[in-house]
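Quick notes on the structure that follows.
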Amino acid sequence: MLRGRRRMECTLDAQSLISISLRKIHSSRTQRGGIKLHKNLLVSYVLRNARQLYLSERYAELYRRQQHYPDGAPLLAMPACPPPAAAPPELAVLPLPADTQDREARSCAVVRGGAELLEVPVCAAPPELQRAPCRDSSPGFYRATGSAGPGGGSSNSAAPGLLYAAGCDFGSGGAPHCSSRTTVLDLDTHVVTTVENGYLHQDCCSQCPCCCQPAPGLASPPPTPGTKRKYYPGQEEEEEGVEEGEPGGGGVAGGPPFAPCTKRARFEEYSAEHPQDSSNISNLISIFGSGFTGLVSRQQADSEQPLNGQLCSKQALASLGAWTRAIVAF
Amino acid sequence: MIDQADIISTVEFNHTGELLATGDKGGRVVIFQREPESKNEPYNQGEYNVYSTFQSHEPEFDYLKSLEIEEKINKIKWLPQQNAAHSLLSTNDKTIKLWKITERDKRPEGYNLKDEEGKLKDLSTVTSLQVPVLKPMDLMVEVTPRRIFANGHTYHVNSISVNSDCETYMSADDLRINLWHLAITDRSFNIVDIKPANMEDLTEVITASEFHPHHCNLFVYSSSKGSLRLCDMRASALCDKHSKLYEEPEDPSNRSFFSEIISSVSDVKFSHSGRYMLTRDYLTVKVWDLNMETKPVETYQVHDYLRSKLCSLYENDCIFDKFECAWNGSDSVIMTGAYNNFFRMFDRNTKRDVTLEASRESSKPRAILKPRRVCVGGKRRKDDISVDSLDFTKKILHTAWHPTENIIAIAATNNLYIFQDKVNSEMH
């Protein structure tokens, strides 16, 4: 996207663009005349562009760090991320332009178990977006995690500076944040559906080739990347009512219960075929829309900054759990 | 403070140019009529005065979907005149209405059973019979709704276009285009549907559409991705598959966060000849030859100095403004609006362009409009406006050109300006 000398500035612009865009989507819900599909679609394009740049910048940064510590020593002795419920310091201390990236890396990276992993809360993006920056901007990064690819499992996690798209909601100490309920109305068929869904850590991992190690606390390891998910037997019937439902969690046999969706398979195939396809735009509308709403409600306790765009965008980028999708009811 | 309801949202001349209709955000339509030129008052010749005003649409509430439906008039299109009455279509986001405009300038007098006020007479006072006669009266313009085409659209209607067959018309929303018969309101045919099976796969929407001026089977629609699709209704009932796709590859050196927004086409107009199409996106107007799909034949920069300001224009929502464009009668000049109440004209033959301003201060009646210039740094001439002092709240989104003469109608927020080129009244 925007490359060149002003990388840092571009990244910051990306963040504020994301904030502004989220605000626009949010305010469009209360505008007279209903949500304007065209405008929201265009806003989601800006979101996608800003996000791609932001993520590519992050991965480039992390790759550079990895280059500095080739011997596998713990990259950084990171403090654990405090839970958001406790008015988290990383949120209270809003990222200032100069030390944006450092602060975020510091506050949200976690050293897990015996593996020297640097989890970064940047892979809240839909998988195809996660993979794009991996491939494009940080080839070394991709190689490093390639060893932890299919069949990798946890043993390779000691690879130096292993990065993967964890995208956990760190606030809950590693347990994946999930399940929010969304009510969906298809304007054409007038079908109303209530979908319980969540965007689990393992869903993210299994889709991203960079992933290998599940966070502790999950019931089961994710399926190896590249393989199709298995579904619960009764899943098909459950999904019939979902017109434009959410590919929330995939069905991992034996995994924690969450609303599966038949569309997940299609989503995977689709992502595989079009890794950089930018066509999940209304996807993004939904993600950001509902994520923002969730963020807003969480922040209402903080009356001083009720709708601080930057705060929201930080959380938006950091918190995977907010990526529930709601169809914008047009 | 401007009352939002007074903001003009559409402007359209009828086929002869005698009438000019405007719609506003309050759902009202105002029709202007051109005064016939008279030798007695040469200064009044050709001026437009208010002919009729009526409330076309009212705000509605869709209880099923919990959506408020704005009364703003999105588009007005005149029907070709077929008898003494005039007809036009007006539409808001959801409902299209056909209005009939008639004149009454005589009234019957001399009824036997009723008196002047219409009260029944006492029969004992009636001693003789008379034949009622028509006497002239002050002109009264009556507007009546003849058809209401409702429930055809789930999404917001952005354009309507009357077919050259004078029997059908189409209406387009974000994802679908419907074909209606002017006399039938309870059903319409869906001829384009770009709604994906999974809304998550949505990548583009329909932004404008128009029937070909001569070929009743052809129509074009533009998309938010900057492409045009020409469709032939003879090919199939559902015209999802285009006959021609007009698309210009994006210039990669111009790529930015906002590339998708500024490439979205906000208006498409066939030339009067039917040979060309005119499109408007945020920064340019383009002329397309129907026979060439790979790129436009002409591109004109409307306000390229805004390219470096896209970020702030995104913040204040101006980047989403939908400007319209217009051809003159001979297809030699194209016109479109800009900010600061400026509008631009491009002469396709001489390649010259001019920027003019529509404002009370800068134009007294019958004064000649002075060309304006926006300076982008460097040498600044007197009367130049710098980019940073442009008023982005004063935008000219809607313009119309008289079908045969050099008369233009410019909507500047809540004001309508009508400019005439007396010197060069003939098209050339």
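Here, A, B, ... name the chains of the structure tokens in the order displayed, residue numbers run from 1 inside each chain, and ligands are numbered from 1 in the same displayed order.
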
Show me, as a VMD selection string, the residues that have an atom within 10 Å of stretch 136-141 of chain B when counting only C-alpha atoms, minus same-chain residues fewer than 2 positions from it. chain B and resid 51 to 53 101 to 109 133 to 134 143 to 144

Could you give me, as a PyMOL selection string, the residues within 7 Å of B:Cys325, counting only C-alpha atoms and dropping anything in the same chain fewer than 5 positions from it? chain B and resi 267+280+335-336+399

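Taking atom CA of B:Leu397 and atom CA of B:Met292 as endpoints, the distance between them is 28.0 Å.
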
Would you give me, as a list in words, the residues of chain B that come within 7 Å of chain A, using only C-alpha atoms? Leu67, Glu68, Ile69, Glu70, Thr154, Asp174, Asn198, Met199, Glu200, Asp201, Leu202, Thr203, Val205, Ser256, Phe257, Phe258, Glu260, Ile261 and Glu315 of chain B

Please measure the separation of atom CA of B:Asp317 and atom CA of B:Thr413, giving the value in Å to one decimal. 16.1 Å

Residue contacts of B:Ser90 (7 Å, only C-alpha atoms) excluding same-chain residues fewer than 2 positions away, as a PDB file with N, CA, C and O atoms, in the first residue's frame:
```pdb
ATOM      1  N   ILE B  73     -36.469  13.463  -2.357  1.00  0.00           N
ATOM      2  CA  ILE B  73     -36.658  13.073  -3.753  1.00  0.00           C
ATOM      3  C   ILE B  73     -35.288  12.795  -4.337  1.00  0.00           C
ATOM      4  O   ILE B  73     -34.443  13.697  -4.440  1.00  0.00           O
ATOM      5  N   LYS B  75     -34.728  11.295  -7.464  1.00  0.00           N
ATOM      6  CA  LYS B  75     -34.683  11.549  -8.906  1.00  0.00           C
ATOM      7  C   LYS B  75     -36.062  11.915  -9.418  1.00  0.00           C
ATOM      8  O   LYS B  75     -37.079  11.444  -8.910  1.00  0.00           O
ATOM      9  N   ILE B  76     -36.052  12.772 -10.434  1.00  0.00           N
ATOM     10  CA  ILE B  76     -37.265  13.093 -11.185  1.00  0.00           C
ATOM     11  C   ILE B  76     -36.967  12.830 -12.649  1.00  0.00           C
ATOM     12  O   ILE B  76     -35.907  13.206 -13.152  1.00  0.00           O
ATOM     13  N   LYS B  77     -37.879  12.177 -13.323  1.00  0.00           N
ATOM     14  CA  LYS B  77     -37.722  12.000 -14.769  1.00  0.00           C
ATOM     15  C   LYS B  77     -39.052  12.336 -15.429  1.00  0.00           C
ATOM     16  O   LYS B  77     -40.108  11.858 -15.016  1.00  0.00           O
ATOM     17  N   LEU B  88     -44.615  13.233 -14.924  1.00  0.00           N
ATOM     18  CA  LEU B  88     -43.257  12.972 -14.475  1.00  0.00           C
ATOM     19  C   LEU B  88     -43.263  11.861 -13.429  1.00  0.00           C
ATOM     20  O   LEU B  88     -44.292  11.598 -12.791  1.00  0.00           O
ATOM     21  N   ILE B  96     -41.784   4.896  -6.163  1.00  0.00           N
ATOM     22  CA  ILE B  96     -41.803   5.751  -7.345  1.00  0.00           C
ATOM     23  C   ILE B  96     -43.241   6.169  -7.597  1.00  0.00           C
ATOM     24  O   ILE B  96     -44.162   5.354  -7.447  1.00  0.00           O
ATOM     25  N   LYS B  97     -43.440   7.416  -7.957  1.00  0.00           N
ATOM     26  CA  LYS B  97     -44.797   7.900  -8.202  1.00  0.00           C
ATOM     27  C   LYS B  97     -44.869   8.580  -9.555  1.00  0.00           C
ATOM     28  O   LYS B  97     -43.955   9.316  -9.952  1.00  0.00           O
ATOM     29  N   LEU B  98     -45.976   8.347 -10.221  1.00  0.00           N
ATOM     30  CA  LEU B  98     -46.235   8.998 -11.505  1.00  0.00           C
ATOM     31  C   LEU B  98     -47.230  10.114 -11.271  1.00  0.00           C
ATOM     32  O   LEU B  98     -48.325   9.888 -10.751  1.00  0.00           O
TER      33      LEU B  98
END
```

Give me the residues near stretch 298-310 of chain B as a PDB file with N, CA and C atoms, in the first residue's frame, where near means some atom within 8 Å (using only C-alpha atoms) and where sequence neighbours in that chain fewer than 3 positions away do not count.
```pdb
ATOM      1  N   PHE B 258      -7.992   5.420  -0.336  1.00  0.00           N
ATOM      2  CA  PHE B 258      -9.323   5.812  -0.786  1.00  0.00           C
ATOM      3  C   PHE B 258      -9.560   5.517  -2.254  1.00  0.00           C
ATOM      4  N   LEU B 283     -13.197  12.530  -8.743  1.00  0.00           N
ATOM      5  CA  LEU B 283     -12.266  13.557  -9.210  1.00  0.00           C
ATOM      6  C   LEU B 283     -12.346  13.835 -10.706  1.00  0.00           C
ATOM      7  N   THR B 284     -12.996  12.988 -11.457  1.00  0.00           N
ATOM      8  CA  THR B 284     -12.969  13.167 -12.913  1.00  0.00           C
ATOM      9  C   THR B 284     -14.347  12.967 -13.530  1.00  0.00           C
ATOM     10  N   VAL B 285     -14.457  13.462 -14.783  1.00  0.00           N
ATOM     11  CA  VAL B 285     -15.559  13.026 -15.652  1.00  0.00           C
ATOM     12  C   VAL B 285     -14.916  12.335 -16.845  1.00  0.00           C
ATOM     13  N   LYS B 286     -15.586  11.309 -17.316  1.00  0.00           N
ATOM     14  CA  LYS B 286     -15.026  10.533 -18.419  1.00  0.00           C
ATOM     15  C   LYS B 286     -16.082  10.326 -19.489  1.00  0.00           C
ATOM     16  N   VAL B 287     -15.622  10.403 -20.731  1.00  0.00           N
ATOM     17  CA  VAL B 287     -16.482  10.111 -21.856  1.00  0.00           C
ATOM     18  C   VAL B 287     -16.098   8.741 -22.396  1.00  0.00           C
ATOM     19  N   TRP B 288     -17.064   7.873 -22.502  1.00  0.00           N
ATOM     20  CA  TRP B 288     -16.840   6.520 -23.007  1.00  0.00           C
ATOM     21  C   TRP B 288     -17.536   6.369 -24.351  1.00  0.00           C
ATOM     22  N   LEU B 313     -11.126  14.853   3.480  1.00  0.00           N
ATOM     23  CA  LEU B 313     -12.430  14.757   2.832  1.00  0.00           C
ATOM     24  C   LEU B 313     -13.143  13.487   3.255  1.00  0.00           C
ATOM     25  N   TYR B 314     -12.367  12.493   3.626  1.00  0.00           N
ATOM     26  CA  TYR B 314     -12.977  11.274   4.152  1.00  0.00           C
ATOM     27  C   TYR B 314     -13.524  11.536   5.547  1.00  0.00           C
ATOM     28  N   ILE B 319     -16.024  13.018   0.774  1.00  0.00           N
ATOM     29  CA  ILE B 319     -15.572  12.083  -0.249  1.00  0.00           C
ATOM     30  C   ILE B 319     -16.712  11.195  -0.736  1.00  0.00           C
ATOM     31  N   THR B 336     -20.278  19.573 -14.934  1.00  0.00           N
ATOM     32  CA  THR B 336     -20.439  18.892 -13.659  1.00  0.00           C
ATOM     33  C   THR B 336     -20.162  19.867 -12.533  1.00  0.00           C
ATOM     34  N   ALA B 338     -18.892  21.047  -8.486  1.00  0.00           N
ATOM     35  CA  ALA B 338     -17.732  20.874  -7.612  1.00  0.00           C
ATOM     36  C   ALA B 338     -18.053  21.570  -6.286  1.00  0.00           C
ATOM     37  N   ARG B 344     -18.104  23.157 -13.358  1.00  0.00           N
ATOM     38  CA  ARG B 344     -17.101  23.121 -14.425  1.00  0.00           C
ATOM     39  C   ARG B 344     -17.738  22.710 -15.737  1.00  0.00           C
ATOM     40  N   PHE B 346     -16.569  21.505 -19.751  1.00  0.00           N
ATOM     41  CA  PHE B 346     -15.462  21.076 -20.608  1.00  0.00           C
ATOM     42  C   PHE B 346     -15.960  21.022 -22.038  1.00  0.00           C
ATOM     43  N   VAL B 376      -3.280  26.253  -6.773  1.00  0.00           N
ATOM     44  CA  VAL B 376      -2.765  25.165  -5.954  1.00  0.00           C
ATOM     45  C   VAL B 376      -1.346  25.447  -5.510  1.00  0.00           C
ATOM     46  N   VAL B 387      -6.879  26.433  -2.498  1.00  0.00           N
ATOM     47  CA  VAL B 387      -7.545  25.166  -2.202  1.00  0.00           C
ATOM     48  C   VAL B 387      -8.033  25.137  -0.762  1.00  0.00           C
TER      49      VAL B 387
END
```

Leaving out B:Tyr339 and any residue of its chain fewer than 4 positions from it, which residues lie within 6 Å of it when counting only C-alpha atoms, given as a count of residues only? 3
